[in-house]
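Chemist: As input, take model_20.txt (compact mmCIF, C-alpha atoms):
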# COMPACT_ATOMS: atom_id res chain seq x y z
CA MET A 1 55.47 27.60 -30.99
CA ILE A 2 54.29 27.17 -34.59
CA GLU A 3 52.75 29.88 -36.76
CA ILE A 4 51.71 29.23 -40.36
CA LYS A 5 50.82 32.22 -42.50
CA GLU A 6 48.97 32.10 -45.84
CA LEU A 7 50.44 28.79 -47.03
CA TYR A 8 49.94 27.80 -50.67
CA LYS A 9 51.06 24.55 -52.32
CA SER A 10 50.25 22.97 -55.67
CA PHE A 11 51.36 19.75 -57.32
CA GLY A 12 51.07 20.31 -61.06
CA THR A 13 47.54 21.58 -61.67
CA LYS A 14 46.22 20.33 -58.32
CA GLN A 15 46.13 23.04 -55.66
CA VAL A 16 46.30 21.40 -52.22
CA LEU A 17 46.82 24.32 -49.84
CA ARG A 18 45.10 27.63 -50.57
CA GLY A 19 46.19 30.23 -48.05
CA LEU A 20 46.22 28.04 -44.93
CA SER A 21 46.94 29.84 -41.65
CA LEU A 22 47.25 28.25 -38.21
CA LYS A 23 48.85 28.93 -34.81
CA VAL A 24 49.96 26.33 -32.28
CA GLU A 25 50.79 27.69 -28.83
CA LYS A 26 53.66 26.40 -26.69
CA GLY A 27 52.57 23.30 -24.76
CA GLU A 28 49.35 22.99 -26.78
CA SER A 29 47.89 19.84 -28.34
CA MET A 30 46.52 20.91 -31.73
CA VAL A 31 44.56 18.37 -33.77
CA VAL A 32 43.98 18.99 -37.48
CA ILE A 33 41.00 17.08 -38.85
CA GLY A 34 39.95 16.63 -42.46
CA GLY A 35 39.10 14.01 -45.03
CA SER A 36 41.47 11.85 -47.04
CA GLY A 37 43.31 13.98 -49.58
CA SER A 38 42.49 17.24 -47.80
CA GLY A 39 46.17 18.13 -47.37
CA LYS A 40 46.82 17.12 -43.74
CA SER A 41 50.00 15.17 -44.52
CA VAL A 42 51.15 17.92 -46.88
CA LEU A 43 50.79 20.38 -44.00
CA ILE A 44 52.91 18.22 -41.68
CA LYS A 45 55.64 17.89 -44.32
CA HIS A 46 55.77 21.68 -44.66
CA ILE A 47 56.13 22.18 -40.91
CA ILE A 48 59.33 20.09 -40.81
CA GLY A 49 60.63 21.43 -44.10
CA ILE A 50 60.32 18.31 -46.25
CA LEU A 51 58.16 20.29 -48.66
CA LYS A 52 58.62 23.93 -49.65
CA PRO A 53 55.51 26.09 -50.14
CA ASP A 54 54.74 27.97 -53.33
CA LYS A 55 53.96 30.94 -51.09
CA GLY A 56 53.65 31.65 -47.37
CA ASP A 57 55.66 31.40 -44.16
CA ILE A 58 56.09 28.81 -41.40
CA PHE A 59 57.61 29.95 -38.12
CA VAL A 60 58.81 27.37 -35.61
CA ASP A 61 59.87 28.88 -32.29
CA GLY A 62 60.37 32.20 -34.09
CA VAL A 63 62.45 30.80 -36.97
CA ASN A 64 61.05 30.84 -40.51
CA VAL A 65 61.40 27.31 -41.91
CA VAL A 66 60.88 28.57 -45.47
CA GLY A 67 64.20 29.30 -47.14
CA LEU A 68 66.41 27.73 -44.45
CA ARG A 69 69.60 26.16 -45.76
CA GLU A 70 70.08 22.44 -45.25
CA ASN A 71 72.35 22.69 -42.19
CA ALA A 72 70.02 25.13 -40.41
CA LEU A 73 67.01 23.00 -41.33
CA TYR A 74 68.75 19.91 -39.93
CA GLU A 75 69.31 21.71 -36.62
CA LEU A 76 65.69 22.92 -36.49
CA ARG A 77 64.39 19.39 -37.07
CA LYS A 78 66.03 18.33 -33.80
CA LYS A 79 63.16 20.14 -32.08
CA PHE A 80 60.75 17.59 -33.59
CA GLY A 81 59.78 14.03 -32.88
CA MET A 82 57.37 12.24 -35.22
CA LEU A 83 55.10 9.23 -34.91
CA PHE A 84 54.43 7.98 -38.43
CA GLN A 85 51.10 6.47 -39.48
CA GLY A 86 52.49 2.95 -39.86
CA ALA A 87 55.15 3.41 -37.13
CA ALA A 88 57.79 3.15 -39.92
CA LEU A 89 60.10 0.84 -37.99
CA PHE A 90 63.20 -0.61 -39.66
CA ASP A 91 62.56 -4.35 -40.10
CA SER A 92 66.24 -5.29 -39.91
CA MET A 93 66.84 -3.52 -36.59
CA THR A 94 65.90 -4.59 -33.08
CA VAL A 95 63.37 -2.56 -31.10
CA TRP A 96 66.06 -0.71 -29.12
CA GLU A 97 68.03 0.08 -32.27
CA ASN A 98 64.86 1.56 -33.79
CA VAL A 99 64.21 3.68 -30.71
CA GLY A 100 67.81 4.87 -30.49
CA PHE A 101 68.31 5.28 -34.23
CA ALA A 102 68.81 9.06 -34.13
CA LEU A 103 71.36 8.71 -31.32
CA LEU A 104 73.41 5.85 -32.76
CA GLY A 105 75.20 8.18 -35.15
CA ASN A 106 76.04 10.65 -32.38
CA LYS A 107 79.66 10.31 -31.21
CA ALA A 108 78.65 11.54 -27.76
CA TYR A 109 76.78 8.28 -27.17
CA GLY A 110 78.19 4.76 -27.12
CA GLU A 111 76.03 1.79 -28.06
CA LYS A 112 75.56 0.80 -24.41
CA LYS A 113 74.32 4.29 -23.48
CA VAL A 114 71.94 4.42 -26.45
CA LYS A 115 70.44 1.08 -25.43
CA GLU A 116 69.95 2.36 -21.86
CA ILE A 117 68.16 5.44 -23.20
CA ALA A 118 66.03 3.29 -25.51
CA VAL A 119 65.00 0.96 -22.68
CA GLU A 120 63.98 3.97 -20.55
CA GLN A 121 61.91 5.47 -23.39
CA LEU A 122 60.23 2.12 -23.95
CA ARG A 123 59.36 2.02 -20.26
CA LEU A 124 57.78 5.48 -20.55
CA VAL A 125 55.42 4.18 -23.25
CA GLY A 126 54.56 1.06 -21.26
CA LEU A 127 56.84 -1.50 -22.89
CA VAL A 128 59.24 -3.60 -20.78
CA GLY A 129 61.46 -6.46 -21.92
CA VAL A 130 60.93 -5.94 -25.66
CA GLU A 131 64.15 -4.13 -26.51
CA ASP A 132 65.81 -7.14 -28.17
CA LEU A 133 62.77 -8.20 -30.20
CA MET A 134 62.39 -7.53 -33.92
CA PRO A 135 59.51 -5.41 -35.27
CA SER A 136 57.97 -8.52 -36.87
CA GLU A 137 57.45 -9.94 -33.37
CA LEU A 138 55.30 -6.97 -32.27
CA SER A 139 51.56 -6.32 -32.52
CA GLY A 140 50.25 -3.21 -34.25
CA GLY A 141 49.71 -1.41 -30.95
CA MET A 142 53.21 -2.31 -29.74
CA LYS A 143 54.71 -0.96 -32.97
CA LYS A 144 52.90 2.35 -32.41
CA ARG A 145 54.35 2.51 -28.89
CA VAL A 146 57.85 1.77 -30.18
CA GLY A 147 57.36 4.49 -32.79
CA LEU A 148 56.41 6.92 -30.04
CA ALA A 149 59.41 5.89 -27.93
CA ARG A 150 61.62 6.69 -30.93
CA ALA A 151 59.89 10.04 -31.39
CA ILE A 152 60.66 11.13 -27.81
CA ALA A 153 64.12 9.52 -27.42
CA HIS A 154 66.09 12.69 -28.23
CA GLY A 155 63.96 15.02 -26.08
CA PRO A 156 61.97 16.96 -28.70
CA GLU A 157 60.03 20.16 -28.02
CA ILE A 158 57.35 19.33 -30.60
CA ILE A 159 55.79 15.98 -31.48
CA LEU A 160 53.97 15.40 -34.76
CA TYR A 161 51.45 12.56 -34.91
CA ASP A 162 50.40 11.26 -38.34
CA GLU A 163 47.07 9.39 -37.97
CA PRO A 164 48.17 7.75 -34.68
CA THR A 165 45.11 5.50 -34.28
CA THR A 166 44.79 4.28 -37.88
CA GLY A 167 44.75 0.47 -38.16
CA LEU A 168 44.14 -0.15 -34.45
CA ASP A 169 41.11 -1.69 -32.79
CA PRO A 170 39.01 0.72 -30.65
CA ILE A 171 40.50 -0.40 -27.33
CA MET A 172 44.11 -0.12 -28.51
CA ALA A 173 43.31 3.21 -30.21
CA ASP A 174 42.04 4.56 -26.90
CA ALA A 175 45.19 3.31 -25.17
CA ILE A 176 47.30 5.23 -27.70
CA ASN A 177 45.16 8.33 -27.07
CA ASP A 178 45.83 7.98 -23.32
CA LEU A 179 49.53 7.63 -24.04
CA ILE A 180 49.57 10.79 -26.17
CA ILE A 181 47.92 12.73 -23.33
CA GLU A 182 50.38 11.26 -20.83
CA MET A 183 53.39 12.22 -22.97
CA GLN A 184 52.00 15.74 -23.34
CA LYS A 185 51.89 16.15 -19.56
CA LYS A 186 55.16 14.38 -18.72
CA LEU A 187 57.30 15.98 -21.40
CA ASN A 188 55.55 19.38 -21.62
CA VAL A 189 55.78 19.31 -25.41
CA SER A 190 53.74 21.04 -28.09
CA SER A 191 52.05 18.66 -30.50
CA VAL A 192 50.27 18.61 -33.83
CA THR A 193 48.14 15.57 -34.68
CA ILE A 194 46.51 14.96 -38.04
CA THR A 195 43.58 12.57 -38.01
CA HIS A 196 40.08 11.81 -39.27
CA ASP A 197 39.28 9.88 -36.08
CA MET A 198 36.89 12.18 -34.20
CA MET A 199 36.89 10.10 -30.99
CA SER A 200 40.67 10.55 -30.85
CA ALA A 201 40.46 14.25 -31.77
CA TYR A 202 37.96 15.05 -29.03
CA LYS A 203 40.03 13.20 -26.42
CA ILE A 204 43.56 14.45 -27.07
CA ALA A 205 43.02 17.99 -28.35
CA ASP A 206 43.28 21.32 -26.59
CA ARG A 207 42.04 22.77 -29.87
CA ILE A 208 40.82 21.27 -33.14
CA ALA A 209 41.25 22.82 -36.60
CA MET A 210 39.15 21.69 -39.57
CA LEU A 211 41.03 21.59 -42.88
CA TYR A 212 38.95 21.68 -46.04
CA ASP A 213 39.60 22.91 -49.58
CA GLY A 214 43.14 23.93 -48.66
CA LYS A 215 42.19 26.22 -45.78
CA ILE A 216 41.39 26.04 -42.09
CA LEU A 217 37.60 26.44 -41.95
CA GLU A 218 37.26 26.67 -38.18
CA THR A 219 39.36 26.32 -35.04
CA GLY A 220 38.04 25.74 -31.54
CA THR A 221 38.06 23.64 -28.41
CA PRO A 222 36.66 20.10 -28.71
CA ASP A 223 33.37 21.33 -27.24
CA GLU A 224 33.20 24.27 -29.67
CA ILE A 225 33.85 22.01 -32.65
CA ARG A 226 31.33 19.44 -31.39
CA HIS A 227 28.65 22.17 -31.39
CA SER A 228 29.79 23.98 -34.54
CA GLU A 229 27.08 25.31 -36.84
CA ASN A 230 29.38 25.35 -39.89
CA PRO A 231 27.74 22.87 -42.32
CA PHE A 232 31.09 21.57 -43.58
CA VAL A 233 32.34 20.94 -40.04
CA ARG A 234 29.04 19.35 -38.99
CA GLN A 235 29.04 16.97 -41.95
CA PHE A 236 32.58 15.83 -41.22
CA ILE A 237 32.28 15.36 -37.46
CA THR A 238 29.00 13.44 -37.82
CA GLY A 239 30.32 11.32 -40.70
CA SER A 240 27.35 12.06 -42.95
CA ALA A 241 27.47 11.42 -46.70
CA ALA A 242 24.84 14.13 -47.14
CA GLY A 243 26.09 17.70 -47.02
CA PRO A 244 28.21 20.33 -48.80
CA ILE A 245 31.42 18.25 -48.82
CA GLN A 246 31.62 16.55 -52.19
CA LEU A 247 32.70 12.91 -52.22
CA GLU A 248 35.47 12.51 -54.78
CA GLY A 249 34.48 10.20 -57.63
CA VAL A 250 30.87 9.83 -56.41
CA ALA A 251 28.11 11.28 -58.56
CA ARG A 252 25.33 13.26 -56.89
What does the file become when written as structure tokens?
Modeler:
Amino acid sequence: MIEIKELYKSFGTKQVLRGLSLKVEKGESMVVIGGSGSGKSVLIKHIIGILKPDKGDIFVDGVNVVGLRENALYELRKKFGMLFQGAALFDSMTVWENVGFALLGNKAYGEKKVKEIAVEQLRLVGLVGVEDLMPSELSGGMKKRVGLARAIAHGPEIILYDEPTTGLDPIMADAINDLIIEMQKKLNVSSVTITHDMMSAYKIADRIAMLYDGKILETGTPDEIRHSENPFVRQFITGSAAGPIQLEGVAR
């Protein structure tokens, strides 16, 4: 579904991606792990064409995202749904307007129909009777669920999750993990999740890819990553300050 070949990206003198390659199969849940500043968000932005690489190719369902004109890129993005790290809800809109945002500008849908769709998507993520509330009236976990309802409202083929459990307590984080797994099964979508939460990664992933120094160091099933002998991978998954990964700004 997604194939990334030898991706390079620099910002000024800082090289973020250094020949990154990765494949995501159709229907697969791929989780990309890595520390803060490792380039995970930069990778996601390349997949949906927000950023253009200095070099390399990104194929989505056989189409090379790199070099697409704006109209073609707009059409390709319809394949995607995205759950942002902070849910990214519009404060001035009701919950249902947030969920149906992408459909409200579509002449094929009237406002009544969009609200019906939004209510149904909210039900799928376990929220009932909240459609007329404002985002300020929701808890953090509820905002994440609304964000996910918005991501699936237009029937995407691929869902991108940007740090889906960040800012949540452990119980709510696990509930979001369960919801991600449920959406994967119900909607038969492919997904890419970026996270540094290993409990989440182990639970939701079919495969896990470790991003470090601009490249994918290792890819494997959760069990393979859990038992990896790569010292960089082992340091990250165990959360140890001691190891080959240098802590930025900390003297050794």
Chemist: A:Met93, A:Leu51, A:Val66, A:Leu17: which is nearest Glu3 of chain A, counting only C-alpha atoms?
Modeler: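 Among the listed residues, the smallest separation from Glu3 of chain A belongs to A:Val66.
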Chemist: Hey, which of A:Phe232, A:Phe90, A:Tyr212, A:Tyr74 ends up closest to Ile33 of chain A? Count only C-alpha atoms.
Modeler: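 Checking each candidate against Ile33 of chain A, we get A:Tyr212 as the closest.
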Chemist: Under the rule that only C-alpha atoms are counted, which of A:Arg207, A:Gly34, A:Lys26, A:Leu83 is the nearest residue to Phe236 of chain A?
Modeler: A:Gly34
Chemist: Which one of A:Ser38, A:Lys9, A:Gly243, A:Lys55 sits closest to Asp213 of chain A if you count all atoms listed in the file?
Modeler: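 Smallest separation from Asp213 of chain A among the options: A:Ser38.
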Chemist: Which distance in Å separates atom CA of Val31 of chain A and atom CA of Val192 of chain A, to one decimal?
Modeler: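 Taking atom CA of Val31 of chain A and atom CA of Val192 of chain A, their separation equals 5.7 Å.
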Chemist: Any chance you could turn segment 29-174 of chain A into a file with C-alpha atoms, as a PDB file, in the first residue's frame?
Modeler:
ATOM      1  CA  SER A  29      -0.715  -1.881  10.982  1.00  0.00           C
ATOM      2  CA  MET A  30       2.824  -0.486  10.827  1.00  0.00           C
ATOM      3  CA  VAL A  31       4.190   1.325  13.877  1.00  0.00           C
ATOM      4  CA  VAL A  32       7.267   3.537  13.523  1.00  0.00           C
ATOM      5  CA  ILE A  33       9.101   4.068  16.804  1.00  0.00           C
ATOM      6  CA  GLY A  34      11.901   6.493  17.579  1.00  0.00           C
ATOM      7  CA  GLY A  35      12.922   9.249  19.932  1.00  0.00           C
ATOM      8  CA  SER A  36      11.845  12.874  19.892  1.00  0.00           C
ATOM      9  CA  GLY A  37      13.383  14.641  16.904  1.00  0.00           C
ATOM     10  CA  SER A  38      14.171  11.388  15.093  1.00  0.00           C
ATOM     11  CA  GLY A  39      12.084  12.372  12.059  1.00  0.00           C
ATOM     12  CA  LYS A  40       8.848  10.434  12.654  1.00  0.00           C
ATOM     13  CA  SER A  41       6.568  13.420  12.013  1.00  0.00           C
ATOM     14  CA  VAL A  42       8.685  14.433   9.020  1.00  0.00           C
ATOM     15  CA  LEU A  43       8.111  10.951   7.589  1.00  0.00           C
ATOM     16  CA  ILE A  44       4.326  11.220   8.013  1.00  0.00           C
ATOM     17  CA  LYS A  45       4.289  14.626   6.303  1.00  0.00           C
ATOM     18  CA  HIS A  46       6.149  13.161   3.332  1.00  0.00           C
ATOM     19  CA  ILE A  47       3.682  10.286   2.978  1.00  0.00           C
ATOM     20  CA  ILE A  48       0.757  12.688   2.489  1.00  0.00           C
ATOM     21  CA  GLY A  49       2.754  15.135   0.394  1.00  0.00           C
ATOM     22  CA  ILE A  50       2.939  18.060   2.820  1.00  0.00           C
ATOM     23  CA  LEU A  51       6.721  17.926   2.542  1.00  0.00           C
ATOM     24  CA  LYS A  52       8.751  17.170  -0.574  1.00  0.00           C
ATOM     25  CA  PRO A  53      11.919  15.071  -0.230  1.00  0.00           C
ATOM     26  CA  ASP A  54      15.332  16.208  -1.382  1.00  0.00           C
ATOM     27  CA  LYS A  55      15.675  12.773  -2.964  1.00  0.00           C
ATOM     28  CA  GLY A  56      13.729   9.513  -3.032  1.00  0.00           C
ATOM     29  CA  ASP A  57      10.292   8.164  -3.924  1.00  0.00           C
ATOM     30  CA  ILE A  58       7.039   7.516  -2.051  1.00  0.00           C
ATOM     31  CA  PHE A  59       4.481   5.231  -3.672  1.00  0.00           C
ATOM     32  CA  VAL A  60       0.935   5.132  -2.317  1.00  0.00           C
ATOM     33  CA  ASP A  61      -1.202   2.438  -3.920  1.00  0.00           C
ATOM     34  CA  GLY A  62       1.192   2.452  -6.885  1.00  0.00           C
ATOM     35  CA  VAL A  63       1.201   6.237  -7.378  1.00  0.00           C
ATOM     36  CA  ASN A  64       4.396   8.213  -6.746  1.00  0.00           C
ATOM     37  CA  VAL A  65       3.511  11.092  -4.401  1.00  0.00           C
ATOM     38  CA  VAL A  66       6.733  12.917  -5.266  1.00  0.00           C
ATOM     39  CA  GLY A  67       6.181  15.375  -8.095  1.00  0.00           C
ATOM     40  CA  LEU A  68       2.369  15.130  -8.143  1.00  0.00           C
ATOM     41  CA  ARG A  69       0.607  18.340  -9.120  1.00  0.00           C
ATOM     42  CA  GLU A  70      -1.704  19.938  -6.578  1.00  0.00           C
ATOM     43  CA  ASN A  71      -4.968  18.591  -8.032  1.00  0.00           C
ATOM     44  CA  ALA A  72      -3.641  15.016  -8.240  1.00  0.00           C
ATOM     45  CA  LEU A  73      -2.195  15.301  -4.740  1.00  0.00           C
ATOM     46  CA  TYR A  74      -5.555  16.520  -3.425  1.00  0.00           C
ATOM     47  CA  GLU A  75      -7.260  13.455  -4.923  1.00  0.00           C
ATOM     48  CA  LEU A  76      -4.625  11.103  -3.484  1.00  0.00           C
ATOM     49  CA  ARG A  77      -5.065  12.583  -0.006  1.00  0.00           C
ATOM     50  CA  LYS A  78      -8.685  11.398  -0.037  1.00  0.00           C
ATOM     51  CA  LYS A  79      -7.275   7.922   0.578  1.00  0.00           C
ATOM     52  CA  PHE A  80      -5.988   9.121   3.967  1.00  0.00           C
ATOM     53  CA  GLY A  81      -7.489   9.818   7.345  1.00  0.00           C
ATOM     54  CA  MET A  82      -5.312  11.280  10.100  1.00  0.00           C
ATOM     55  CA  LEU A  83      -5.513  11.402  13.877  1.00  0.00           C
ATOM     56  CA  PHE A  84      -3.361  14.310  15.015  1.00  0.00           C
ATOM     57  CA  GLN A  85      -1.357  14.248  18.244  1.00  0.00           C
ATOM     58  CA  GLY A  86      -3.537  16.839  19.980  1.00  0.00           C
ATOM     59  CA  ALA A  87      -6.721  15.820  18.094  1.00  0.00           C
ATOM     60  CA  ALA A  88      -6.582  19.272  16.383  1.00  0.00           C
ATOM     61  CA  LEU A  89     -10.292  19.995  16.769  1.00  0.00           C
ATOM     62  CA  PHE A  90     -11.703  23.371  15.738  1.00  0.00           C
ATOM     63  CA  ASP A  91     -12.723  25.155  18.955  1.00  0.00           C
ATOM     64  CA  SER A  92     -15.484  27.187  17.289  1.00  0.00           C
ATOM     65  CA  MET A  93     -17.235  24.143  15.798  1.00  0.00           C
ATOM     66  CA  THR A  94     -19.463  21.578  17.458  1.00  0.00           C
ATOM     67  CA  VAL A  95     -18.335  17.965  17.705  1.00  0.00           C
ATOM     68  CA  TRP A  96     -20.413  16.868  14.701  1.00  0.00           C
ATOM     69  CA  GLU A  97     -19.162  19.777  12.596  1.00  0.00           C
ATOM     70  CA  ASN A  98     -15.592  18.737  13.429  1.00  0.00           C
ATOM     71  CA  VAL A  99     -16.265  15.125  12.461  1.00  0.00           C
ATOM     72  CA  GLY A 100     -18.033  16.081   9.238  1.00  0.00           C
ATOM     73  CA  PHE A 101     -15.679  18.929   8.344  1.00  0.00           C
ATOM     74  CA  ALA A 102     -14.334  17.312   5.153  1.00  0.00           C
ATOM     75  CA  LEU A 103     -17.872  16.562   3.963  1.00  0.00           C
ATOM     76  CA  LEU A 104     -19.452  19.939   4.700  1.00  0.00           C
ATOM     77  CA  GLY A 105     -17.890  21.475   1.603  1.00  0.00           C
ATOM     78  CA  ASN A 106     -19.107  18.634  -0.616  1.00  0.00           C
ATOM     79  CA  LYS A 107     -22.202  19.613  -2.623  1.00  0.00           C
ATOM     80  CA  ALA A 108     -23.315  15.976  -2.664  1.00  0.00           C
ATOM     81  CA  TYR A 109     -24.058  16.196   1.066  1.00  0.00           C
ATOM     82  CA  GLY A 110     -26.534  18.467   2.817  1.00  0.00           C
ATOM     83  CA  GLU A 111     -25.961  19.559   6.406  1.00  0.00           C
ATOM     84  CA  LYS A 112     -28.538  17.068   7.713  1.00  0.00           C
ATOM     85  CA  LYS A 113     -26.827  14.152   5.943  1.00  0.00           C
ATOM     86  CA  VAL A 114     -23.379  15.209   7.181  1.00  0.00           C
ATOM     87  CA  LYS A 115     -24.665  15.311  10.761  1.00  0.00           C
ATOM     88  CA  GLU A 116     -26.145  11.809  10.354  1.00  0.00           C
ATOM     89  CA  ILE A 117     -22.786  10.525   9.091  1.00  0.00           C
ATOM     90  CA  ALA A 118     -20.964  12.275  11.943  1.00  0.00           C
ATOM     91  CA  VAL A 119     -23.272  10.761  14.566  1.00  0.00           C
ATOM     92  CA  GLU A 120     -22.700   7.282  13.100  1.00  0.00           C
ATOM     93  CA  GLN A 121     -18.901   7.730  13.109  1.00  0.00           C
ATOM     94  CA  LEU A 122     -19.043   8.940  16.705  1.00  0.00           C
ATOM     95  CA  ARG A 123     -21.004   5.814  17.604  1.00  0.00           C
ATOM     96  CA  LEU A 124     -18.297   3.674  15.985  1.00  0.00           C
ATOM     97  CA  VAL A 125     -15.684   5.193  18.310  1.00  0.00           C
ATOM     98  CA  GLY A 126     -17.901   4.771  21.370  1.00  0.00           C
ATOM     99  CA  LEU A 127     -19.355   8.262  21.715  1.00  0.00           C
ATOM    100  CA  VAL A 128     -23.130   8.796  21.900  1.00  0.00           C
ATOM    101  CA  GLY A 129     -25.012  12.031  22.543  1.00  0.00           C
ATOM    102  CA  VAL A 130     -21.987  14.336  22.235  1.00  0.00           C
ATOM    103  CA  GLU A 131     -22.536  15.628  18.712  1.00  0.00           C
ATOM    104  CA  ASP A 132     -23.806  19.067  19.794  1.00  0.00           C
ATOM    105  CA  LEU A 133     -21.123  19.658  22.431  1.00  0.00           C
ATOM    106  CA  MET A 134     -18.139  21.956  21.908  1.00  0.00           C
ATOM    107  CA  PRO A 135     -14.560  20.619  22.079  1.00  0.00           C
ATOM    108  CA  SER A 136     -13.989  22.560  25.313  1.00  0.00           C
ATOM    109  CA  GLU A 137     -16.632  20.359  26.979  1.00  0.00           C
ATOM    110  CA  LEU A 138     -14.715  17.137  26.204  1.00  0.00           C
ATOM    111  CA  SER A 139     -12.018  15.274  28.120  1.00  0.00           C
ATOM    112  CA  GLY A 140      -8.681  14.488  26.492  1.00  0.00           C
ATOM    113  CA  GLY A 141      -9.720  10.923  25.715  1.00  0.00           C
ATOM    114  CA  MET A 142     -13.019  12.074  24.204  1.00  0.00           C
ATOM    115  CA  LYS A 143     -11.180  14.564  21.985  1.00  0.00           C
ATOM    116  CA  LYS A 144      -8.963  11.740  20.687  1.00  0.00           C
ATOM    117  CA  ARG A 145     -12.082   9.703  19.871  1.00  0.00           C
ATOM    118  CA  VAL A 146     -13.674  12.655  18.071  1.00  0.00           C
ATOM    119  CA  GLY A 147     -10.420  13.102  16.147  1.00  0.00           C
ATOM    120  CA  LEU A 148     -10.558   9.454  15.118  1.00  0.00           C
ATOM    121  CA  ALA A 149     -14.221   9.764  14.103  1.00  0.00           C
ATOM    122  CA  ARG A 150     -13.211  12.668  11.846  1.00  0.00           C
ATOM    123  CA  ALA A 151     -10.344  10.625  10.403  1.00  0.00           C
ATOM    124  CA  ILE A 152     -12.676   7.793   9.325  1.00  0.00           C
ATOM    125  CA  ALA A 153     -15.734   9.876   8.326  1.00  0.00           C
ATOM    126  CA  HIS A 154     -14.946   9.913   4.588  1.00  0.00           C
ATOM    127  CA  GLY A 155     -14.038   6.213   4.361  1.00  0.00           C
ATOM    128  CA  PRO A 156     -10.232   6.331   3.994  1.00  0.00           C
ATOM    129  CA  GLU A 157      -8.068   3.412   2.878  1.00  0.00           C
ATOM    130  CA  ILE A 158      -5.133   4.475   5.065  1.00  0.00           C
ATOM    131  CA  ILE A 159      -5.137   5.989   8.555  1.00  0.00           C
ATOM    132  CA  LEU A 160      -2.146   7.860   9.947  1.00  0.00           C
ATOM    133  CA  TYR A 161      -1.815   8.128  13.723  1.00  0.00           C
ATOM    134  CA  ASP A 162       0.479  10.815  15.151  1.00  0.00           C
ATOM    135  CA  GLU A 163       1.384   9.865  18.752  1.00  0.00           C
ATOM    136  CA  PRO A 164      -2.187   8.683  19.508  1.00  0.00           C
ATOM    137  CA  THR A 165      -1.631   8.011  23.234  1.00  0.00           C
ATOM    138  CA  THR A 166       0.379  11.129  24.114  1.00  0.00           C
ATOM    139  CA  GLY A 167      -1.134  13.118  27.004  1.00  0.00           C
ATOM    140  CA  LEU A 168      -3.491  10.343  28.125  1.00  0.00           C
ATOM    141  CA  ASP A 169      -3.473   8.404  31.384  1.00  0.00           C
ATOM    142  CA  PRO A 170      -2.533   4.689  31.064  1.00  0.00           C
ATOM    143  CA  ILE A 171      -6.118   3.430  31.174  1.00  0.00           C
ATOM    144  CA  MET A 172      -7.380   5.864  28.542  1.00  0.00           C
ATOM    145  CA  ALA A 173      -4.271   5.202  26.425  1.00  0.00           C
ATOM    146  CA  ASP A 174      -5.078   1.497  26.455  1.00  0.00           C
TER     147      ASP A 174
END
